[in-house]
file query-v8.pdb (PDB, C-alpha atoms, pLDDT in the B column)
ATOM      1  CA  MET A  20     352.554-135.049-148.039  1.00 53.00           C
ATOM      2  CA  ARG A  21     353.842-132.567-145.473  1.00 79.00           C
ATOM      3  CA  ARG A  22     352.990-132.251-141.803  1.00 83.00           C
ATOM      4  CA  GLY A  23     353.963-129.445-139.477  1.00 88.00           C
ATOM      5  CA  THR A  24     353.119-127.127-136.581  1.00 91.00           C
ATOM      6  CA  LEU A  25     352.829-123.341-136.677  1.00 93.00           C
ATOM      7  CA  GLU A  26     351.842-120.454-134.426  1.00 96.00           C
ATOM      8  CA  GLY A  27     349.444-117.840-135.741  1.00 97.00           C
ATOM      9  CA  ILE A  28     346.477-115.489-135.419  1.00 97.00           C
ATOM     10  CA  VAL A  29     343.092-116.379-136.937  1.00 96.00           C
ATOM     11  CA  LEU A  30     342.376-113.749-139.601  1.00 95.00           C
ATOM     12  CA  LYS A  31     339.136-114.905-141.179  1.00 92.00           C
ATOM     13  CA  SER A  32     337.078-117.977-141.977  1.00 87.00           C
ATOM     14  CA  LYS A  33     334.329-119.081-144.332  1.00 82.00           C
ATOM     15  CA  ASN A  34     332.029-122.065-144.474  1.00 77.00           C
ATOM     16  CA  HIS A  35     333.099-124.974-146.671  1.00 69.00           C
ATOM     17  CA  GLY A  36     330.864-127.916-147.450  1.00 66.00           C
ATOM     18  CA  GLU A  37     328.382-129.145-144.856  1.00 73.00           C
ATOM     19  CA  GLY A  38     330.418-128.964-141.655  1.00 71.00           C
ATOM     20  CA  ASP A  39     333.858-127.599-142.550  1.00 81.00           C
ATOM     21  CA  LYS A  40     335.465-124.184-142.617  1.00 86.00           C
ATOM     22  CA  ILE A  41     338.374-122.671-144.512  1.00 89.00           C
ATOM     23  CA  ILE A  42     340.505-120.847-141.944  1.00 90.00           C
ATOM     24  CA  HIS A  43     342.914-118.064-142.935  1.00 94.00           C
ATOM     25  CA  ILE A  44     345.730-117.694-140.400  1.00 96.00           C
ATOM     26  CA  PHE A  45     348.557-115.148-140.149  1.00 97.00           C
ATOM     27  CA  SER A  46     351.361-117.442-139.061  1.00 96.00           C
ATOM     28  CA  LYS A  47     354.619-116.423-137.435  1.00 96.00           C
ATOM     29  CA  LYS A  48     356.882-118.417-139.755  1.00 94.00           C
ATOM     30  CA  ARG A  49     354.998-118.699-143.062  1.00 94.00           C
ATOM     31  CA  GLY A  50     352.918-115.550-143.270  1.00 95.00           C
ATOM     32  CA  VAL A  51     349.253-115.893-144.244  1.00 96.00           C
ATOM     33  CA  VAL A  52     348.190-119.500-144.826  1.00 94.00           C
ATOM     34  CA  LYS A  53     344.830-121.229-145.201  1.00 91.00           C
ATOM     35  CA  PHE A  54     343.627-124.661-144.185  1.00 89.00           C
ATOM     36  CA  VAL A  55     340.422-126.660-144.089  1.00 86.00           C
ATOM     37  CA  ALA A  56     339.126-127.350-140.572  1.00 84.00           C
ATOM     38  CA  LYS A  57     337.069-130.497-140.985  1.00 77.00           C
ATOM     39  CA  GLY A  58     333.836-130.793-139.009  1.00 67.00           C
ATOM     40  CA  VAL A  59     334.544-127.628-137.063  1.00 67.00           C
ATOM     41  CA  ARG A  60     331.018-126.238-137.523  1.00 50.00           C
ATOM     42  CA  LYS A  61     329.522-129.154-135.598  1.00 53.00           C
ATOM     43  CA  ILE A  62     328.518-128.236-132.048  1.00 40.00           C
ATOM     44  CA  THR A  63     330.433-131.229-130.707  1.00 40.00           C
ATOM     45  CA  SER A  64     333.709-130.118-132.299  1.00 48.00           C
ATOM     46  CA  ARG A  65     336.446-129.529-129.719  1.00 53.00           C
ATOM     47  CA  ARG A  66     338.061-126.928-132.007  1.00 50.00           C
ATOM     48  CA  LEU A  67     334.948-124.786-132.411  1.00 51.00           C
ATOM     49  CA  GLY A  68     335.982-121.979-130.036  1.00 58.00           C
ATOM     50  CA  SER A  69     339.722-122.261-130.638  1.00 83.00           C
ATOM     51  CA  LEU A  70     339.342-121.036-134.218  1.00 88.00           C
ATOM     52  CA  ASP A  71     337.444-117.831-133.434  1.00 90.00           C
ATOM     53  CA  LEU A  72     338.697-114.658-135.114  1.00 93.00           C
ATOM     54  CA  LEU A  73     341.549-112.883-133.293  1.00 95.00           C
ATOM     55  CA  ASN A  74     342.627-116.035-131.454  1.00 96.00           C
ATOM     56  CA  GLN A  75     346.346-116.675-131.169  1.00 97.00           C
ATOM     57  CA  ILE A  76     346.865-120.408-131.626  1.00 96.00           C
ATOM     58  CA  VAL A  77     349.387-123.175-132.192  1.00 95.00           C
ATOM     59  CA  PHE A  78     348.110-125.574-134.842  1.00 92.00           C
ATOM     60  CA  SER A  79     349.210-128.764-136.516  1.00 90.00           C
ATOM     61  CA  PHE A  80     348.435-129.386-140.170  1.00 89.00           C
ATOM     62  CA  HIS A  81     348.624-131.970-142.905  1.00 87.00           C
ATOM     63  CA  GLU A  82     349.194-130.834-146.488  1.00 81.00           C
ATOM     64  CA  SER A  83     347.836-133.418-148.922  1.00 74.00           C
ATOM     65  CA  SER A  84     347.702-133.407-152.694  1.00 65.00           C
ATOM     66  CA  THR A  85     344.194-131.944-152.656  1.00 73.00           C
ATOM     67  CA  PHE A  86     343.931-129.361-149.854  1.00 79.00           C
ATOM     68  CA  PRO A  87     345.824-128.715-146.616  1.00 86.00           C
ATOM     69  CA  TYR A  88     343.828-129.285-143.436  1.00 85.00           C
ATOM     70  CA  LEU A  89     344.171-128.707-139.715  1.00 87.00           C
ATOM     71  CA  THR A  90     344.671-131.681-137.428  1.00 86.00           C
ATOM     72  CA  GLU A  91     345.091-130.120-133.956  1.00 88.00           C
ATOM     73  CA  VAL A  92     344.633-126.660-132.453  1.00 90.00           C
ATOM     74  CA  LYS A  93     345.860-125.282-129.116  1.00 92.00           C
ATOM     75  CA  LEU A  94     344.663-121.882-127.897  1.00 94.00           C
ATOM     76  CA  LEU A  95     347.409-119.525-126.704  1.00 96.00           C
ATOM     77  CA  ASN A  96     345.423-116.312-126.222  1.00 95.00           C
ATOM     78  CA  SER A  97     341.822-115.487-127.037  1.00 95.00           C
ATOM     79  CA  PHE A  98     342.181-111.780-126.155  1.00 95.00           C
ATOM     80  CA  SER A  99     338.919-112.272-124.316  1.00 93.00           C
ATOM     81  CA  SER A 100     338.620-108.747-122.872  1.00 92.00           C
ATOM     82  CA  LEU A 101     338.868-107.321-126.390  1.00 92.00           C
ATOM     83  CA  LYS A 102     335.814-109.397-127.368  1.00 91.00           C
ATOM     84  CA  GLU A 103     333.590-108.469-124.423  1.00 88.00           C
ATOM     85  CA  LYS A 104     332.000-105.416-126.031  1.00 86.00           C
ATOM     86  CA  LEU A 105     331.230-104.462-129.624  1.00 85.00           C
ATOM     87  CA  ASN A 106     333.129-101.178-129.434  1.00 85.00           C
ATOM     88  CA  ARG A 107     336.216-103.084-128.261  1.00 88.00           C
ATOM     89  CA  VAL A 108     336.182-105.934-130.746  1.00 92.00           C
ATOM     90  CA  SER A 109     335.779-103.458-133.598  1.00 92.00           C
ATOM     91  CA  TYR A 110     339.383-102.357-133.053  1.00 94.00           C
ATOM     92  CA  GLY A 111     340.527-105.959-133.290  1.00 95.00           C
ATOM     93  CA  TYR A 112     338.555-106.522-136.484  1.00 95.00           C
ATOM     94  CA  THR A 113     340.171-103.430-138.026  1.00 95.00           C
ATOM     95  CA  VAL A 114     343.599-104.891-137.241  1.00 97.00           C
ATOM     96  CA  LEU A 115     342.601-108.192-138.893  1.00 97.00           C
ATOM     97  CA  GLU A 116     341.204-106.480-141.979  1.00 96.00           C
ATOM     98  CA  LEU A 117     344.361-104.445-142.530  1.00 97.00           C
ATOM     99  CA  LEU A 118     346.532-107.541-142.192  1.00 97.00           C
ATOM    100  CA  ASP A 119     344.297-109.515-144.536  1.00 96.00           C
ATOM    101  CA  LYS A 120     344.368-106.796-147.199  1.00 96.00           C
ATOM    102  CA  PHE A 121     348.043-105.855-146.998  1.00 96.00           C
ATOM    103  CA  LEU A 122     349.779-109.189-146.468  1.00 96.00           C
ATOM    104  CA  LEU A 123     350.552-111.684-149.214  1.00 92.00           C
ATOM    105  CA  TYR A 124     349.967-115.416-148.849  1.00 91.00           C
ATOM    106  CA  GLU A 125     352.930-117.583-147.899  1.00 89.00           C
ATOM    107  CA  GLU A 126     355.220-114.573-147.337  1.00 92.00           C
ATOM    108  CA  GLU A 127     356.947-114.731-143.952  1.00 92.00           C
ATOM    109  CA  ASN A 128     356.893-111.530-141.906  1.00 94.00           C
ATOM    110  CA  GLU A 129     357.777-112.384-138.334  1.00 96.00           C
ATOM    111  CA  ASN A 130     358.327-108.737-137.340  1.00 97.00           C
ATOM    112  CA  VAL A 131     354.767-107.804-138.340  1.00 98.00           C
ATOM    113  CA  TYR A 132     353.472-110.890-136.533  1.00 98.00           C
ATOM    114  CA  GLU A 133     355.196-110.009-133.252  1.00 98.00           C
ATOM    115  CA  PHE A 134     354.079-106.391-133.602  1.00 98.00           C
ATOM    116  CA  THR A 135     350.479-107.520-134.129  1.00 98.00           C
ATOM    117  CA  VAL A 136     350.563-109.652-130.980  1.00 98.00           C
ATOM    118  CA  SER A 137     351.852-106.613-129.047  1.00 97.00           C
ATOM    119  CA  ILE A 138     349.045-104.397-130.361  1.00 98.00           C
ATOM    120  CA  LEU A 139     346.334-106.965-129.615  1.00 97.00           C
ATOM    121  CA  SER A 140     347.752-107.352-126.101  1.00 97.00           C
ATOM    122  CA  ILE A 141     347.496-103.574-125.599  1.00 96.00           C
ATOM    123  CA  LEU A 142     343.947-103.457-127.001  1.00 96.00           C
ATOM    124  CA  ASN A 143     343.017-106.343-124.696  1.00 96.00           C
ATOM    125  CA  GLN A 144     343.739-104.203-121.634  1.00 95.00           C
ATOM    126  CA  ASN A 145     341.132-102.163-119.786  1.00 91.00           C
ATOM    127  CA  LEU A 146     341.655 -98.933-121.741  1.00 93.00           C
ATOM    128  CA  SER A 147     339.621 -95.814-122.327  1.00 93.00           C
ATOM    129  CA  GLU A 148     338.180 -95.291-125.800  1.00 92.00           C
ATOM    130  CA  GLU A 149     340.797 -92.604-126.440  1.00 94.00           C
ATOM    131  CA  LYS A 150     343.650 -94.964-125.548  1.00 96.00           C
ATOM    132  CA  ARG A 151     342.278 -97.678-127.838  1.00 95.00           C
ATOM    133  CA  LYS A 152     342.113 -95.152-130.665  1.00 96.00           C
ATOM    134  CA  GLN A 153     345.668 -94.105-129.834  1.00 97.00           C
ATOM    135  CA  ALA A 154     346.889 -97.708-130.044  1.00 98.00           C
ATOM    136  CA  LEU A 155     345.108 -98.292-133.370  1.00 97.00           C
ATOM    137  CA  ILE A 156     346.711 -95.154-134.837  1.00 98.00           C
ATOM    138  CA  TYR A 157     350.122 -96.501-133.815  1.00 98.00           C
ATOM    139  CA  PHE A 158     349.328 -99.836-135.466  1.00 98.00           C
ATOM    140  CA  LYS A 159     348.231 -98.235-138.730  1.00 97.00           C
ATOM    141  CA  LEU A 160     351.288 -96.023-139.170  1.00 98.00           C
ATOM    142  CA  LYS A 161     353.789 -98.653-138.027  1.00 98.00           C
ATOM    143  CA  LEU A 162     352.226-101.300-140.280  1.00 98.00           C
ATOM    144  CA  LEU A 163     352.416 -98.967-143.260  1.00 97.00           C
ATOM    145  CA  SER A 164     356.059 -98.229-142.449  1.00 97.00           C
ATOM    146  CA  MET A 165     356.961-101.894-142.025  1.00 97.00           C
ATOM    147  CA  LEU A 166     355.393-102.783-145.383  1.00 96.00           C
ATOM    148  CA  GLY A 167     357.142-100.033-147.368  1.00 96.00           C
ATOM    149  CA  PHE A 168     354.554 -97.234-147.210  1.00 97.00           C
ATOM    150  CA  ASP A 169     356.344 -95.066-144.634  1.00 96.00           C
ATOM    151  CA  PRO A 170     355.131 -91.464-145.146  1.00 97.00           C
ATOM    152  CA  VAL A 171     357.801 -88.759-145.385  1.00 97.00           C
ATOM    153  CA  LEU A 172     357.260 -86.119-142.691  1.00 97.00           C
ATOM    154  CA  ASP A 173     360.410 -83.963-142.905  1.00 97.00           C
ATOM    155  CA  PHE A 174     360.231 -82.218-146.272  1.00 97.00           C
ATOM    156  CA  CYS A 175     357.842 -81.410-149.116  1.00 96.00           C
ATOM    157  CA  GLN A 176     357.412 -84.373-151.405  1.00 95.00           C
ATOM    158  CA  GLN A 177     357.147 -82.179-154.482  1.00 93.00           C
ATOM    159  CA  CYS A 178     359.682 -79.343-154.190  1.00 95.00           C
ATOM    160  CA  LEU A 179     361.843 -81.025-151.468  1.00 96.00           C
ATOM    161  CA  ARG A 180     361.671 -77.948-149.210  1.00 95.00           C
ATOM    162  CA  ASP A 181     362.547 -78.880-145.619  1.00 97.00           C
ATOM    163  CA  PHE A 182     359.766 -78.504-143.073  1.00 96.00           C
ATOM    164  CA  ASP A 183     360.325 -75.614-140.657  1.00 94.00           C
ATOM    165  CA  SER A 184     358.454 -72.840-138.888  1.00 91.00           C
ATOM    166  CA  SER A 185     358.196 -70.804-142.115  1.00 92.00           C
ATOM    167  CA  TRP A 186     355.573 -73.162-143.541  1.00 94.00           C
ATOM    168  CA  LYS A 187     352.216 -71.396-143.561  1.00 93.00           C
ATOM    169  CA  LYS A 188     350.257 -74.599-144.103  1.00 94.00           C
ATOM    170  CA  ILE A 189     351.034 -78.318-143.946  1.00 96.00           C
ATOM    171  CA  GLY A 190     349.453 -80.575-146.520  1.00 96.00           C
ATOM    172  CA  PHE A 191     349.454 -84.362-146.616  1.00 97.00           C
ATOM    173  CA  SER A 192     349.326 -86.083-149.987  1.00 96.00           C
ATOM    174  CA  ALA A 193     348.559 -89.807-150.149  1.00 96.00           C
ATOM    175  CA  ALA A 194     349.573 -89.884-153.811  1.00 95.00           C
ATOM    176  CA  GLN A 195     352.979 -88.368-153.073  1.00 95.00           C
ATOM    177  CA  GLY A 196     353.494 -90.282-149.849  1.00 96.00           C
ATOM    178  CA  GLY A 197     353.984 -87.537-147.305  1.00 97.00           C
ATOM    179  CA  ILE A 198     353.759 -83.858-146.469  1.00 97.00           C
ATOM    180  CA  VAL A 199     353.665 -81.050-149.018  1.00 97.00           C
ATOM    181  CA  CYS A 200     354.143 -77.320-148.495  1.00 95.00           C
ATOM    182  CA  GLU A 201     351.583 -74.584-149.140  1.00 92.00           C
ATOM    183  CA  SER A 202     353.006 -73.960-152.636  1.00 92.00           C
ATOM    184  CA  CYS A 203     352.643 -77.576-153.720  1.00 91.00           C
ATOM    185  CA  GLY A 204     349.616 -78.814-151.810  1.00 76.00           C
ATOM    186  CA  ASN A 205     346.700 -78.006-154.100  1.00 79.00           C
ATOM    187  CA  GLU A 206     345.397 -81.595-154.028  1.00 82.00           C
ATOM    188  CA  SER A 207     346.499 -82.481-150.495  1.00 91.00           C
ATOM    189  CA  ARG A 208     344.662 -82.602-147.189  1.00 94.00           C
ATOM    190  CA  GLU A 209     345.651 -80.010-144.622  1.00 95.00           C
ATOM    191  CA  ILE A 210     346.997 -81.301-141.319  1.00 96.00           C
ATOM    192  CA  SER A 211     347.858 -79.503-138.110  1.00 97.00           C
ATOM    193  CA  ILE A 212     351.279 -79.314-136.506  1.00 97.00           C
ATOM    194  CA  GLY A 213     349.784 -81.436-133.721  1.00 97.00           C
ATOM    195  CA  VAL A 214     348.966 -84.290-136.112  1.00 98.00           C
ATOM    196  CA  LEU A 215     352.410 -84.040-137.692  1.00 98.00           C
ATOM    197  CA  ASN A 216     354.070 -84.216-134.271  1.00 98.00           C
ATOM    198  CA  LEU A 217     351.901 -87.197-133.269  1.00 98.00           C
ATOM    199  CA  PHE A 218     353.060 -89.064-136.378  1.00 98.00           C
ATOM    200  CA  LYS A 219     356.661 -88.191-135.546  1.00 98.00           C
ATOM    201  CA  ASP A 220     356.100 -89.483-131.996  1.00 98.00           C
ATOM    202  CA  ILE A 221     355.057 -92.838-133.451  1.00 98.00           C
ATOM    203  CA  LYS A 222     358.286 -92.995-135.431  1.00 96.00           C
ATOM    204  CA  ARG A 223     360.336 -91.894-132.421  1.00 96.00           C
ATOM    205  CA  PHE A 224     358.896 -93.944-129.553  1.00 97.00           C
ATOM    206  CA  SER A 225     358.355 -97.603-128.775  1.00 96.00           C
ATOM    207  CA  LEU A 226     354.756 -98.749-128.363  1.00 96.00           C
ATOM    208  CA  LYS A 227     355.146 -98.647-124.581  1.00 95.00           C
ATOM    209  CA  GLY A 228     356.618 -95.148-124.589  1.00 96.00           C
ATOM    210  CA  TYR A 229     354.025 -93.839-127.038  1.00 97.00           C
ATOM    211  CA  MET A 230     351.119 -95.187-124.984  1.00 96.00           C
ATOM    212  CA  GLN A 231     352.383 -93.241-121.952  1.00 96.00           C
ATOM    213  CA  ILE A 232     351.756 -89.981-123.832  1.00 96.00           C
ATOM    214  CA  SER A 233     348.289 -88.414-123.596  1.00 96.00           C
ATOM    215  CA  TYR A 234     346.689 -86.790-126.650  1.00 96.00           C
ATOM    216  CA  TYR A 235     343.356 -85.021-126.662  1.00 95.00           C
ATOM    217  CA  GLN A 236     340.455 -86.674-128.444  1.00 95.00           C
ATOM    218  CA  GLY A 237     340.200 -84.138-131.268  1.00 96.00           C
ATOM    219  CA  LEU A 238     343.851 -84.626-132.188  1.00 98.00           C
ATOM    220  CA  LEU A 239     343.469 -88.426-132.214  1.00 97.00           C
ATOM    221  CA  SER A 240     340.412 -88.170-134.464  1.00 96.00           C
ATOM    222  CA  ALA A 241     342.211 -85.828-136.881  1.00 97.00           C
ATOM    223  CA  ALA A 242     345.279 -88.082-136.997  1.00 98.00           C
ATOM    224  CA  ASP A 243     343.174 -91.192-137.567  1.00 96.00           C
ATOM    225  CA  GLU A 244     341.265 -89.495-140.382  1.00 96.00           C
ATOM    226  CA  ILE A 245     344.521 -88.742-142.227  1.00 97.00           C
ATOM    227  CA  LEU A 246     345.841 -92.261-141.649  1.00 97.00           C
ATOM    228  CA  THR A 247     342.613 -93.822-142.905  1.00 96.00           C
ATOM    229  CA  TYR A 248     342.823 -91.650-146.027  1.00 96.00           C
ATOM    230  CA  TYR A 249     346.453 -92.699-146.600  1.00 97.00           C
ATOM    231  CA  THR A 250     345.783 -96.365-145.855  1.00 97.00           C
ATOM    232  CA  GLU A 251     342.756 -96.598-148.131  1.00 96.00           C
ATOM    233  CA  TYR A 252     344.710 -94.907-150.918  1.00 96.00           C
ATOM    234  CA  ASN A 253     347.450 -97.547-150.710  1.00 96.00           C
ATOM    235  CA  LEU A 254     344.934-100.376-150.434  1.00 95.00           C
ATOM    236  CA  ASP A 255     342.747 -98.937-153.179  1.00 93.00           C
ATOM    237  CA  SER A 256     339.955-100.184-150.957  1.00 91.00           C
ATOM    238  CA  PRO A 257     337.912 -98.888-148.001  1.00 91.00           C
ATOM    239  CA  ILE A 258     338.541-100.138-144.467  1.00 90.00           C
ATOM    240  CA  ARG A 259     335.123-101.725-144.062  1.00 87.00           C
ATOM    241  CA  SER A 260     335.444-102.591-140.360  1.00 83.00           C
ATOM    242  CA  GLU A 261     335.803 -98.923-139.472  1.00 76.00           C
ATOM    243  CA  ARG A 262     332.758 -97.948-141.499  1.00 69.00           C
ATOM    244  CA  ILE A 263     330.606-100.742-140.094  1.00 69.00           C
ATOM    245  CA  PHE A 264     331.582-100.218-136.455  1.00 57.00           C
ATOM    246  CA  ASN A 265     332.325 -96.478-136.703  1.00 60.00           C
ATOM    247  CA  VAL A 266     335.761 -96.906-135.102  1.00 55.00           C
TER     248      VAL A 266
END
call {"tool": "encode", "arguments": {"input": "query-v8.pdb", "output": "structure tokens"}}
result
Amino acid sequence: MRRGTLEGIVLKSKNHGEGDKIIHIFSKKRGVVKFVAKGVRKITSRRLGSLDLLNQIVFSFHESSTFPYLTEVKLLNSFSSLKEKLNRVSYGYTVLELLDKFLLYEEENENVYEFTVSILSILNQNLSEEKRKQALIYFKLKLLSMLGFDPVLDFCQQCLRDFDSSWKKIGFSAAQGGIVCESCGNESREISIGVLNLFKDIKRFSLKGYMQISYYQGLLSAADEILTYYTEYNLDSPIRSERIFNV
């Protein structure tokens, strides 16, 4: 039997038995893990609120021969402002869904964990809708890059022609993993130079520096549409949170 303590973010949960829940947690040191929280659905449970989705927690656990279970939970950050309104929490749920679908169980990824905490902290601030969208776009592209899906933005992915001012049209191909020129982009989605430059800004700047830049709403929407297309291609699955909440 093994006991231990970890820090993590609550990704998802589901009911188990009469009063228990199975909690999926993205932990800092062990990646995605899951534990049974015994009796947590009872109103009198002290851990009831601490295990809400999006919460950053420190938790103790006991791994037995049957199923690992939580023993203690301490709340570090509930990101309460992010949960105050439906349009805000929808951004947080999109972050959780992408983590849940991309990350493997028991595979440590401390860099992604720290990055996620930074993004949730930004989204928890009193931001305009445009700035929240801007932060989510940064999260999507950086997450893809960190997990090995970094799109190539400097040359055509089919003929290897360098991008320059002679390109008449810029295509983006999810299948080929980056931009394609007008001669090769029959099955690609056209993107503007503005979207391309926004993506390059994400690669160039820190989160803090990027969030100091202002982009107009139409450009953010166009960039997010391309990123959703690319993300869903690599997941082979729709991002349901965005469709439900119309993020």
call {"tool": "residues_around", "arguments": {"input": "query-v8.pdb", "residues": "Asn143 (chain A)", "least_positions_apart": "3", "cutoff": "10 Å", "atoms": "only C-alpha atoms", "output": "ChimeraX atom specification"}}
result
/A:97-103,107-108,110-111,137-140,146,151
call {"tool": "resolve_selection", "arguments": {"input": "query-v8.pdb", "expression": "the PyMOL selection byres ((chain A and resi 239) around 10)", "output": "ChimeraX atom specification"}}
result
/A:149-150,152-153,156,213-214,217,233-238,240-244
call {"tool": "resolve_selection", "arguments": {"input": "query-v8.pdb", "expression": "the PyMOL selection byres ((chain A and resi 202) around 10)", "output": "PyMOL selection string"}}
result
chain A and resi 175+177-178+186-190+199-201+203-205
call {"tool": "atom_distance", "arguments": {"input": "query-v8.pdb", "atom1": "CA of Asp119 (chain A)", "atom2": "CA of Ala154 (chain A)"}}
result
18.9 Å
call {"tool": "closest_residue", "arguments": {"input": "query-v8.pdb", "among": "A:Leu73, A:Val131, A:Leu25, A:Ile141", "to": "Leu89 (chain A)", "atoms": "all atoms listed in the file"}}
result
A:Leu25
call {"tool": "atom_distance", "arguments": {"input": "query-v8.pdb", "atom1": "CA of Gln176 (chain A)", "atom2": "CA of Gly196 (chain A)"}}
result
7.3 Å
call {"tool": "residues_around", "arguments": {"input": "query-v8.pdb", "residues": "Pro257 (chain A)", "least_positions_apart": "2", "cutoff": "12 Å", "atoms": "only C-alpha atoms", "output": "VMD selection string"}}
result
chain A and resid 113 116 to 117 120 247 to 255 259 to 263
call {"tool": "resolve_selection", "arguments": {"input": "query-v8.pdb", "expression": "the PyMOL selection byres ((chain A and resi 55) around 7)", "output": "list in words"}}
result
Asp39, Lys40, Ile41, Ile42, Phe54, Ala56, Lys57, Pro87, Tyr88 and Leu89 of chain A
call {"tool": "closest_residue", "arguments": {"input": "query-v8.pdb", "among": "A:Val77, A:Leu70, A:Leu226, A:Val51", "to": "Phe134 (chain A)", "atoms": "only C-alpha atoms"}}
result
A:Leu226
call {"tool": "atom_distance", "arguments": {"input": "query-v8.pdb", "atom1": "CA of Thr90 (chain A)", "atom2": "CA of Phe78 (chain A)"}}
result
7.5 Å
call {"tool": "residues_around", "arguments": {"input": "query-v8.pdb", "residues": "Gly228 (chain A)", "least_positions_apart": "6", "cutoff": "12 Å", "atoms": "all atoms listed in the file", "output": "ChimeraX atom specification"}}
result
/A:154,157,220-222
call {"tool": "closest_residue", "arguments": {"input": "query-v8.pdb", "among": "A:Ser211, A:Ser32, A:Ser69, A:Asn128", "to": "Leu95 (chain A)", "atoms": "all atoms listed in the file"}}
result
A:Ser69
call {"tool": "closest_residue", "arguments": {"input": "query-v8.pdb", "among": "A:Ile28, A:Leu105, A:Leu155, A:Val92", "to": "Leu72 (chain A)", "atoms": "all atoms listed in the file"}}
result
A:Ile28
call {"tool": "closest_residue", "arguments": {"input": "query-v8.pdb", "among": "A:Val52, A:Gly38, A:Phe158, A:Val171", "to": "Leu142 (chain A)", "atoms": "all atoms listed in the file"}}
result
A:Phe158
call {"tool": "closest_residue", "arguments": {"input": "query-v8.pdb", "among": "A:Leu179, A:Leu94, A:Ile212, A:Ile245", "to": "Asp71 (chain A)", "atoms": "only C-alpha atoms"}}
result
A:Leu94
